[in-house]
Amino acid sequence: MSKVLAIFGATGQQGGSIVDHVLNDSGLSQQYKIRAITRDATSEKAKQLKDKVEVVHGDVLDRSSLETALTGVHTVFIMTAPFLSPDVEYDTVKTIADIALEKDAKYIIFSTLPSVHELSGGKYTKVTPFDNKAKCEQYIRGLPIQSAFCSLGSFMENFESASYLTPRKEEDGTWVVALHVSPKMQWPLVNAVRDTGKFVGAILAEPDKFDGKTFCGATKLYTLEEMIATMSKATGKDITYKRISPEEFRERMKLPDGLADLFMEMIAFLDETGYFGPDSEKLVAWAANNARGKLSTFEEYFEAHPLRLE
Ligand SMILES: NC(=O)c1ccc[n+]([C@@H]2O[C@H](COP(=O)([O-])OP(=O)(O)OC[C@H]3O[C@@H](n4cnc5c(N)ncnc54)[C@H](OP(=O)(O)O)[C@@H]3O)[C@@H](O)[C@H]2O)c1
């Protein structure tokens with residue numbers, strides 16, 4: 001009998017990738033029966049899912065809905081929505097994990113991130129979406145249930161919206177990416193929509209082998225120089241890198257203080273320590289080697305999603 005796989009965020013990038021991966025993998029689709037969890041089973045995205053999988057109402061802020069949604073599950077994929085406040089994020093993950101345990105689930109897969117606070121020796125304190133997920137991960141690791149973790153690099157999809165990473169036209173007509181760090185800085189990039197499922201699929205295929213393991217999920221580490229060269233090739237524009245002061249970078253981002261602090265610290269941390277810490281390269285290579293399928297390159301991302309600079 002197939003095992004029920006509950007997927008939080010099934011209408012979003014990571015969860016949707018897992019749904020697609022499992023459905024397109026003959027082995028996994030026989031082993032697992034997907035239960036997509038959404039706040040609104042009547043939304044357009046939920047309706048599209050209903051043709052393919054079971055769709056169940058569940059709101060992470062409403063405990064009773066989770067008790068219903070997690071009844072009879074075997075494996076639960078937990079991710080959190082962007083920019084939940086740190087306390088809410090921790091409480092919701094704890095609640096989901098506790099209910100999964102009460103409902104006799106056998107395995108939790110959590111979309112985690114590394115603790116920037118810890119890896120920076122306490123220097124950085126404002127990268128809360130990372131630190132907080134690491135705290136959630138520790139909670140899950142302490143529970144009497146098998147678990148594995150997917151810690152994703154920066155999404156290639158960010159380049160559709162992240163204004164500080166996409167090239168900007170300067171007054172002299174040149175295209176520039178400007179940050180306060182070295183152009184040699186390495187950034188792990190992942191095509192979240194196409195490839196999250198390849199990491200989580202590996203765990204689903206061999207849950208015992210990957211019990212306790214973390215997939216630092218990215219295609220590879222790209223230097224800023226490589227990223228800019230790829231964007232130049234993809235757009236046919238001559239894009240250059242300019243190293244600016246932290247103050248200029250803050251000004252350029254034009255974000256509210258909390259978010260600006262977060263990105264300033266995150267990028268400085270990447271430059272000094274590496275996204276997944278000093279072993280980033282090894283950790284990313286291990287995850288890529290164990291992923292279930294070939295991972296998409298940054299070049300391929302822009303072939304499918306042309307970057308328009310106007
Ligand atoms: N951007 C990056 O570079 C990056 C890198 C690593 C990790 N991350 C992390 O990735 C996460 C975002 O993942 P994503 O991009 O896959 O998300 P997404 O595409 O924005 O989708 C969010 C999902 O969360 C669900 N959701 C929102 N509120 C909910 C609630 N109260 N109860 C139940 N479900 C809820 C939504 O489902 P419904 O609307 O159907 O309810 C939707 O499927 C964030 O935590 C972020 O920190 C991002």
# chains A, B, ... in the order shown; residues from 1 in each chain; ligands from 1

$ closest_atom_pairs --of "chain A" --to "ligand 1" --cutoff "7 Å" --atoms "only C-alpha atoms and all ligand atoms" --output "tab-separated table"
residue	atom	partner	partner_atom_place_in_ligand_line	distance
A:Phe8	CA	ligand 1	34 (N)	5.9
A:Gly9	CA	ligand 1	43 (O)	3.2
A:Ala10	CA	ligand 1	43 (O)	4.9
A:Thr11	CA	ligand 1	43 (O)	3.8
A:Gly12	CA	ligand 1	19 (O)	3.3
A:Gln13	CA	ligand 1	16 (O)	3.7
A:Gln14	CA	ligand 1	16 (O)	3.8
A:Gly15	CA	ligand 1	16 (O)	6.0
A:Ile37	CA	ligand 1	33 (C)	6.7
A:Thr38	CA	ligand 1	41 (O)	3.9
A:Arg39	CA	ligand 1	41 (O)	3.6
A:Asp40	CA	ligand 1	41 (O)	5.7
A:Ala46	CA	ligand 1	40 (O)	6.5
A:Gly58	CA	ligand 1	33 (C)	5.7
A:Asp59	CA	ligand 1	32 (N)	3.5
A:Val60	CA	ligand 1	32 (N)	3.9
A:Leu61	CA	ligand 1	31 (N)	5.3
A:Met79	CA	ligand 1	45 (O)	6.3
A:Thr80	CA	ligand 1	45 (O)	4.4
A:Ala81	CA	ligand 1	24 (O)	4.3
A:Pro82	CA	ligand 1	44 (C)	3.8
A:Phe83	CA	ligand 1	45 (O)	6.6
A:Leu113	CA	ligand 1	7 (C)	6.6
A:Pro129	CA	ligand 1	47 (O)	5.4
A:Ser151	CA	ligand 1	6 (C)	6.8
A:Leu152	CA	ligand 1	6 (C)	4.7
A:Gly153	CA	ligand 1	5 (C)	5.3
A:Ser154	CA	ligand 1	3 (O)	3.5
A:Phe155	CA	ligand 1	3 (O)	3.9
A:Asn158	CA	ligand 1	1 (N)	5.9

$ residues_around --residues "range 90-98 of chain A" --least-positions-apart "2" --cutoff "10 Å" --atoms "only C-alpha atoms" --output "number ranges by chain"
A: 8, 59-63, 66-67, 70, 76-80, 84-88, 100-105, 107-110, 132-137, 139-140, 143, 145

$ residues_around --residues "range 217-225 of chain A" --least-positions-apart "4" --cutoff "6 Å" --atoms "only C-alpha atoms" --output "MDAnalysis selection string"
chainID A and resid 151:153 183:190 287 295

$ select_by_dssp --residues "range 99-310 of chain A" --states "strand (DSSP E)" --output "PyMOL selection string"
chain A and resi 107-112+146-152+154-155+168-169+175-179+186-190+214-217+220-223+239-243

$ write_last_selection --atoms "N, CA, C and O atoms" --output "compact mmCIF listing (two decimals), in the first residue's frame"
# COMPACT_ATOMS: atom_id res chain seq x y z
N TYR A 107 8.26 9.80 9.25
CA TYR A 107 9.43 10.51 8.70
C TYR A 107 9.07 11.97 8.46
O TYR A 107 7.99 12.28 7.94
N ILE A 108 10.00 12.86 8.83
CA ILE A 108 9.82 14.29 8.55
C ILE A 108 10.97 14.76 7.66
O ILE A 108 12.14 14.44 7.93
N ILE A 109 10.64 15.50 6.63
CA ILE A 109 11.67 16.16 5.81
C ILE A 109 11.42 17.66 5.98
O ILE A 109 10.31 18.14 5.73
N PHE A 110 12.43 18.38 6.46
CA PHE A 110 12.24 19.81 6.74
C PHE A 110 13.14 20.65 5.84
O PHE A 110 14.33 20.36 5.70
N SER A 111 12.57 21.70 5.30
CA SER A 111 13.35 22.64 4.50
C SER A 111 14.02 23.63 5.45
O SER A 111 13.40 24.57 5.93
N THR A 112 15.29 23.37 5.72
CA THR A 112 16.02 24.11 6.74
C THR A 112 16.96 25.14 6.12
O THR A 112 16.97 25.33 4.89
N GLN A 146 12.26 9.54 12.47
CA GLN A 146 13.33 9.71 11.46
C GLN A 146 13.13 11.05 10.76
O GLN A 146 11.98 11.50 10.56
N SER A 147 14.23 11.68 10.38
CA SER A 147 14.11 12.98 9.70
C SER A 147 15.31 13.21 8.80
O SER A 147 16.39 12.67 9.04
N ALA A 148 15.08 14.02 7.78
CA ALA A 148 16.19 14.45 6.91
C ALA A 148 15.89 15.89 6.51
O ALA A 148 14.75 16.37 6.66
N PHE A 149 16.90 16.57 5.98
CA PHE A 149 16.79 18.01 5.80
C PHE A 149 17.27 18.45 4.43
O PHE A 149 18.22 17.88 3.89
N CYS A 150 16.59 19.44 3.92
CA CYS A 150 16.97 20.01 2.64
C CYS A 150 17.27 21.49 2.91
O CYS A 150 16.38 22.23 3.35
N SER A 151 18.52 21.89 2.73
CA SER A 151 18.93 23.26 3.02
C SER A 151 19.29 23.88 1.68
O SER A 151 20.35 23.59 1.12
N LEU A 152 18.38 24.68 1.16
CA LEU A 152 18.55 25.12 -0.23
C LEU A 152 19.41 26.37 -0.35
O LEU A 152 19.36 27.27 0.51
N SER A 154 20.55 29.85 -2.69
CA SER A 154 19.68 30.95 -3.16
C SER A 154 18.96 30.51 -4.43
O SER A 154 19.55 29.89 -5.31
N PHE A 155 17.70 30.88 -4.48
CA PHE A 155 16.89 30.45 -5.63
C PHE A 155 17.26 31.26 -6.88
O PHE A 155 17.35 32.49 -6.83
N ARG A 168 21.57 46.80 -13.01
CA ARG A 168 20.87 48.09 -13.15
C ARG A 168 21.61 48.98 -14.14
O ARG A 168 22.84 48.95 -14.20
N LYS A 169 20.82 49.78 -14.83
CA LYS A 169 21.43 50.69 -15.80
C LYS A 169 21.90 51.95 -15.07
O LYS A 169 21.12 52.61 -14.38
N TRP A 175 25.51 48.69 -17.80
CA TRP A 175 24.77 47.79 -16.90
C TRP A 175 25.71 47.29 -15.80
O TRP A 175 26.80 46.81 -16.10
N VAL A 176 25.24 47.41 -14.55
CA VAL A 176 26.14 47.13 -13.43
C VAL A 176 25.41 46.32 -12.35
O VAL A 176 24.24 46.55 -12.06
N VAL A 177 26.17 45.35 -11.78
CA VAL A 177 25.74 44.74 -10.51
C VAL A 177 26.70 45.30 -9.47
O VAL A 177 27.93 45.24 -9.65
N ALA A 178 26.17 45.84 -8.39
CA ALA A 178 27.03 46.49 -7.39
C ALA A 178 26.72 45.96 -6.00
O ALA A 178 25.57 46.01 -5.55
N LEU A 179 27.74 45.39 -5.37
CA LEU A 179 27.59 44.89 -4.00
C LEU A 179 28.81 45.30 -3.18
O LEU A 179 29.81 45.75 -3.74
N GLN A 186 31.46 33.35 -3.43
CA GLN A 186 30.76 32.21 -4.02
C GLN A 186 29.33 32.11 -3.49
O GLN A 186 29.11 32.24 -2.28
N TRP A 187 28.44 31.84 -4.42
CA TRP A 187 27.02 31.82 -4.08
C TRP A 187 26.40 30.51 -4.57
O TRP A 187 26.46 30.23 -5.77
N PRO A 188 25.83 29.68 -3.68
CA PRO A 188 25.18 28.46 -4.17
C PRO A 188 23.81 28.80 -4.78
O PRO A 188 22.99 29.43 -4.13
N LEU A 189 23.62 28.39 -6.01
CA LEU A 189 22.34 28.70 -6.68
C LEU A 189 21.58 27.42 -6.99
O LEU A 189 22.17 26.42 -7.40
N VAL A 190 20.27 27.49 -6.80
CA VAL A 190 19.43 26.33 -7.10
C VAL A 190 18.18 26.79 -7.86
O VAL A 190 17.64 27.86 -7.57
N THR A 214 21.65 16.10 5.75
CA THR A 214 21.18 17.38 5.18
C THR A 214 21.68 17.51 3.76
O THR A 214 22.88 17.37 3.51
N PHE A 215 20.76 17.74 2.85
CA PHE A 215 21.13 18.06 1.47
C PHE A 215 21.32 19.58 1.37
O PHE A 215 20.34 20.32 1.50
N CYS A 216 22.56 20.02 1.18
CA CYS A 216 22.81 21.45 0.93
C CYS A 216 22.57 21.67 -0.56
O CYS A 216 23.50 21.54 -1.38
N GLY A 217 21.33 21.93 -0.89
CA GLY A 217 20.86 21.82 -2.27
C GLY A 217 21.17 23.01 -3.16
O GLY A 217 20.60 24.09 -3.00
N LYS A 220 25.69 24.28 -7.97
CA LYS A 220 27.10 24.43 -7.59
C LYS A 220 27.28 25.80 -6.97
O LYS A 220 26.32 26.59 -6.90
N LEU A 221 28.51 26.10 -6.56
CA LEU A 221 28.81 27.45 -6.08
C LEU A 221 29.23 28.28 -7.28
O LEU A 221 30.16 27.89 -7.99
N TYR A 222 28.55 29.39 -7.50
CA TYR A 222 28.92 30.30 -8.59
C TYR A 222 29.60 31.51 -7.98
O TYR A 222 29.10 32.07 -6.99
N THR A 223 30.72 31.97 -8.56
CA THR A 223 31.27 33.24 -8.08
C THR A 223 30.40 34.36 -8.65
O THR A 223 29.70 34.17 -9.67
N ILE A 239 27.62 43.45 -18.94
CA ILE A 239 27.33 43.78 -17.53
C ILE A 239 28.63 43.71 -16.74
O ILE A 239 29.40 42.75 -16.88
N THR A 240 28.88 44.71 -15.93
CA THR A 240 30.13 44.71 -15.14
C THR A 240 29.80 44.71 -13.64
O THR A 240 28.68 45.04 -13.24
N TYR A 241 30.83 44.36 -12.86
CA TYR A 241 30.67 44.35 -11.41
C TYR A 241 31.35 45.57 -10.81
O TYR A 241 32.45 45.94 -11.22
N LYS A 242 30.67 46.19 -9.87
CA LYS A 242 31.27 47.33 -9.17
C LYS A 242 31.22 47.06 -7.67
O LYS A 242 30.14 46.78 -7.13
N ARG A 243 32.38 47.11 -7.02
CA ARG A 243 32.39 46.93 -5.57
C ARG A 243 32.15 48.28 -4.93
O ARG A 243 32.87 49.25 -5.21

$ closest_residue --among "A:Thr235, A:Arg35, A:Val53, A:Ser26" --to "Phe302 in chain A" --atoms "only C-alpha atoms"
A:Thr235

$ residues_around --residues "Ala291 in chain A" --least-positions-apart "4" --cutoff "6 Å" --atoms "only C-alpha atoms" --output "list in words"
Lys198, Phe199, Ala202 and Ala287 of chain A

$ select_by_dssp --residues "range 9-91 of chain A" --states "alpha helix (DSSP H)" --output "MDAnalysis selection string"
chainID A and resid 13:23 26:31 44:50 63:69 86:91

$ write_last_selection --atoms "N, CA and C atoms" --output "JSON list (two decimals), in the first residue's frame"
[["chain", "number", "residue", "atom", "x", "y", "z"],
["A", 13, "GLN", "N", 6.82, 27.09, -4.72],
["A", 13, "GLN", "CA", 7.98, 26.70, -5.53],
["A", 13, "GLN", "C", 8.57, 25.36, -5.07],
["A", 14, "GLN", "N", 8.93, 25.28, -3.77],
["A", 14, "GLN", "CA", 9.58, 24.05, -3.29],
["A", 14, "GLN", "C", 8.61, 22.87, -3.29],
["A", 15, "GLY", "N", 7.45, 23.08, -2.67],
["A", 15, "GLY", "CA", 6.48, 21.99, -2.55],
["A", 15, "GLY", "C", 6.01, 21.53, -3.93],
["A", 16, "GLY", "N", 5.78, 22.49, -4.83],
["A", 16, "GLY", "CA", 5.32, 22.16, -6.18],
["A", 16, "GLY", "C", 6.36, 21.31, -6.91],
["A", 17, "SER", "N", 7.63, 21.61, -6.67],
["A", 17, "SER", "CA", 8.71, 20.85, -7.30],
["A", 17, "SER", "C", 8.68, 19.40, -6.83],
["A", 18, "ILE", "N", 8.38, 19.21, -5.55],
["A", 18, "ILE", "CA", 8.34, 17.84, -5.01],
["A", 18, "ILE", "C", 7.15, 17.08, -5.60],
["A", 19, "VAL", "N", 6.01, 17.77, -5.69],
["A", 19, "VAL", "CA", 4.83, 17.13, -6.30],
["A", 19, "VAL", "C", 5.19, 16.65, -7.71],
["A", 20, "ASP", "N", 5.78, 17.54, -8.51],
["A", 20, "ASP", "CA", 6.10, 17.17, -9.90],
["A", 20, "ASP", "C", 7.10, 16.02, -9.95],
["A", 21, "HIS", "N", 8.11, 16.10, -9.09],
["A", 21, "HIS", "CA", 9.15, 15.07, -9.12],
["A", 21, "HIS", "C", 8.56, 13.70, -8.79],
["A", 22, "VAL", "N", 7.77, 13.65, -7.74],
["A", 22, "VAL", "CA", 7.22, 12.34, -7.33],
["A", 22, "VAL", "C", 6.28, 11.80, -8.41],
["A", 23, "LEU", "N", 5.44, 12.67, -8.96],
["A", 23, "LEU", "CA", 4.49, 12.19, -9.98],
["A", 23, "LEU", "C", 5.20, 11.69, -11.23],
["A", 26, "SER", "N", 8.42, 6.94, -11.69],
["A", 26, "SER", "CA", 7.52, 5.78, -11.60],
["A", 26, "SER", "C", 7.69, 5.05, -10.26],
["A", 27, "GLY", "N", 8.92, 4.99, -9.76],
["A", 27, "GLY", "CA", 9.14, 4.30, -8.48],
["A", 27, "GLY", "C", 8.50, 5.05, -7.33],
["A", 28, "LEU", "N", 8.77, 6.35, -7.25],
["A", 28, "LEU", "CA", 8.25, 7.14, -6.12],
["A", 28, "LEU", "C", 6.73, 7.26, -6.18],
["A", 29, "SER", "N", 6.18, 7.38, -7.39],
["A", 29, "SER", "CA", 4.72, 7.57, -7.48],
["A", 29, "SER", "C", 3.97, 6.30, -7.09],
["A", 30, "GLN", "N", 4.67, 5.15, -7.17],
["A", 30, "GLN", "CA", 4.01, 3.93, -6.68],
["A", 30, "GLN", "C", 4.12, 3.81, -5.16],
["A", 31, "GLN", "N", 5.24, 4.32, -4.64],
["A", 31, "GLN", "CA", 5.46, 4.19, -3.19],
["A", 31, "GLN", "C", 4.68, 5.21, -2.37],
["A", 44, "GLU", "N", -6.76, 28.81, -7.68],
["A", 44, "GLU", "CA", -6.44, 28.32, -9.03],
["A", 44, "GLU", "C", -5.36, 27.24, -8.98],
["A", 45, "LYS", "N", -4.31, 27.50, -8.17],
["A", 45, "LYS", "CA", -3.20, 26.53, -8.10],
["A", 45, "LYS", "C", -3.66, 25.21, -7.46],
["A", 46, "ALA", "N", -4.53, 25.33, -6.44],
["A", 46, "ALA", "CA", -5.01, 24.12, -5.78],
["A", 46, "ALA", "C", -5.89, 23.32, -6.76],
["A", 47, "LYS", "N", -6.67, 24.04, -7.56],
["A", 47, "LYS", "CA", -7.54, 23.35, -8.53],
["A", 47, "LYS", "C", -6.69, 22.56, -9.53],
["A", 48, "GLN", "N", -5.57, 23.15, -9.95],
["A", 48, "GLN", "CA", -4.70, 22.43, -10.90],
["A", 48, "GLN", "C", -4.12, 21.17, -10.25],
["A", 49, "LEU", "N", -3.82, 21.28, -8.95],
["A", 49, "LEU", "CA", -3.27, 20.11, -8.25],
["A", 49, "LEU", "C", -4.31, 19.01, -8.08],
["A", 50, "LYS", "N", -5.57, 19.43, -7.92],
["A", 50, "LYS", "CA", -6.64, 18.46, -7.65],
["A", 50, "LYS", "C", -6.79, 17.43, -8.77],
["A", 63, "ARG", "N", -4.33, 25.01, 14.35],
["A", 63, "ARG", "CA", -3.95, 23.66, 14.79],
["A", 63, "ARG", "C", -4.97, 22.59, 14.39],
["A", 64, "SER", "N", -6.26, 22.90, 14.55],
["A", 64, "SER", "CA", -7.25, 21.84, 14.29],
["A", 64, "SER", "C", -7.23, 21.43, 12.81],
["A", 65, "SER", "N", -6.97, 22.39, 11.93],
["A", 65, "SER", "CA", -6.92, 22.03, 10.50],
["A", 65, "SER", "C", -5.74, 21.09, 10.24],
["A", 66, "LEU", "N", -4.65, 21.28, 11.00],
["A", 66, "LEU", "CA", -3.47, 20.42, 10.80],
["A", 66, "LEU", "C", -3.74, 19.01, 11.34],
["A", 67, "GLU", "N", -4.52, 18.94, 12.41],
["A", 67, "GLU", "CA", -4.81, 17.61, 12.96],
["A", 67, "GLU", "C", -5.58, 16.78, 11.94],
["A", 68, "THR", "N", -6.48, 17.42, 11.22],
["A", 68, "THR", "CA", -7.21, 16.70, 10.18],
["A", 68, "THR", "C", -6.27, 16.40, 9.01],
["A", 69, "ALA", "N", -5.52, 17.41, 8.59],
["A", 69, "ALA", "CA", -4.69, 17.25, 7.38],
["A", 69, "ALA", "C", -3.61, 16.20, 7.56],
["A", 86, "PRO", "N", 10.02, 35.30, 13.27],
["A", 86, "PRO", "CA", 10.78, 34.18, 13.82],
["A", 86, "PRO", "C", 9.99, 33.33, 14.82],
["A", 87, "ASP", "N", 9.25, 33.98, 15.73],
["A", 87, "ASP", "CA", 8.52, 33.18, 16.73],
["A", 87, "ASP", "C", 7.43, 32.36, 16.07],
["A", 88, "VAL", "N", 6.73, 32.98, 15.13],
["A", 88, "VAL", "CA", 5.63, 32.27, 14.46],
["A", 88, "VAL", "C", 6.20, 31.10, 13.66],
["A", 89, "GLU", "N", 7.33, 31.35, 12.99],
["A", 89, "GLU", "CA", 7.93, 30.28, 12.17],
["A", 89, "GLU", "C", 8.29, 29.08, 13.08],
["A", 90, "TYR", "N", 8.95, 29.36, 14.20],
["A", 90, "TYR", "CA", 9.35, 28.26, 15.09],
["A", 90, "TYR", "C", 8.11, 27.55, 15.64],
["A", 91, "ASP", "N", 7.14, 28.32, 16.09],
["A", 91, "ASP", "CA", 5.94, 27.70, 16.67],
["A", 91, "ASP", "C", 5.20, 26.84, 15.65]]

$ closest_residue --among "A:Met156, A:Val181, A:Val116, A:Val73" --to "Ile267 in chain A" --atoms "only C-alpha atoms"
A:Val181

$ atom_distance --atom1 "CA of Thr75 in chain A" --atom2 "CA of Asp195 in chain A"
19.5 Å

$ atom_distance --atom1 "CA of Arg250 in chain A" --atom2 "CA of His180 in chain A"
9.1 Å
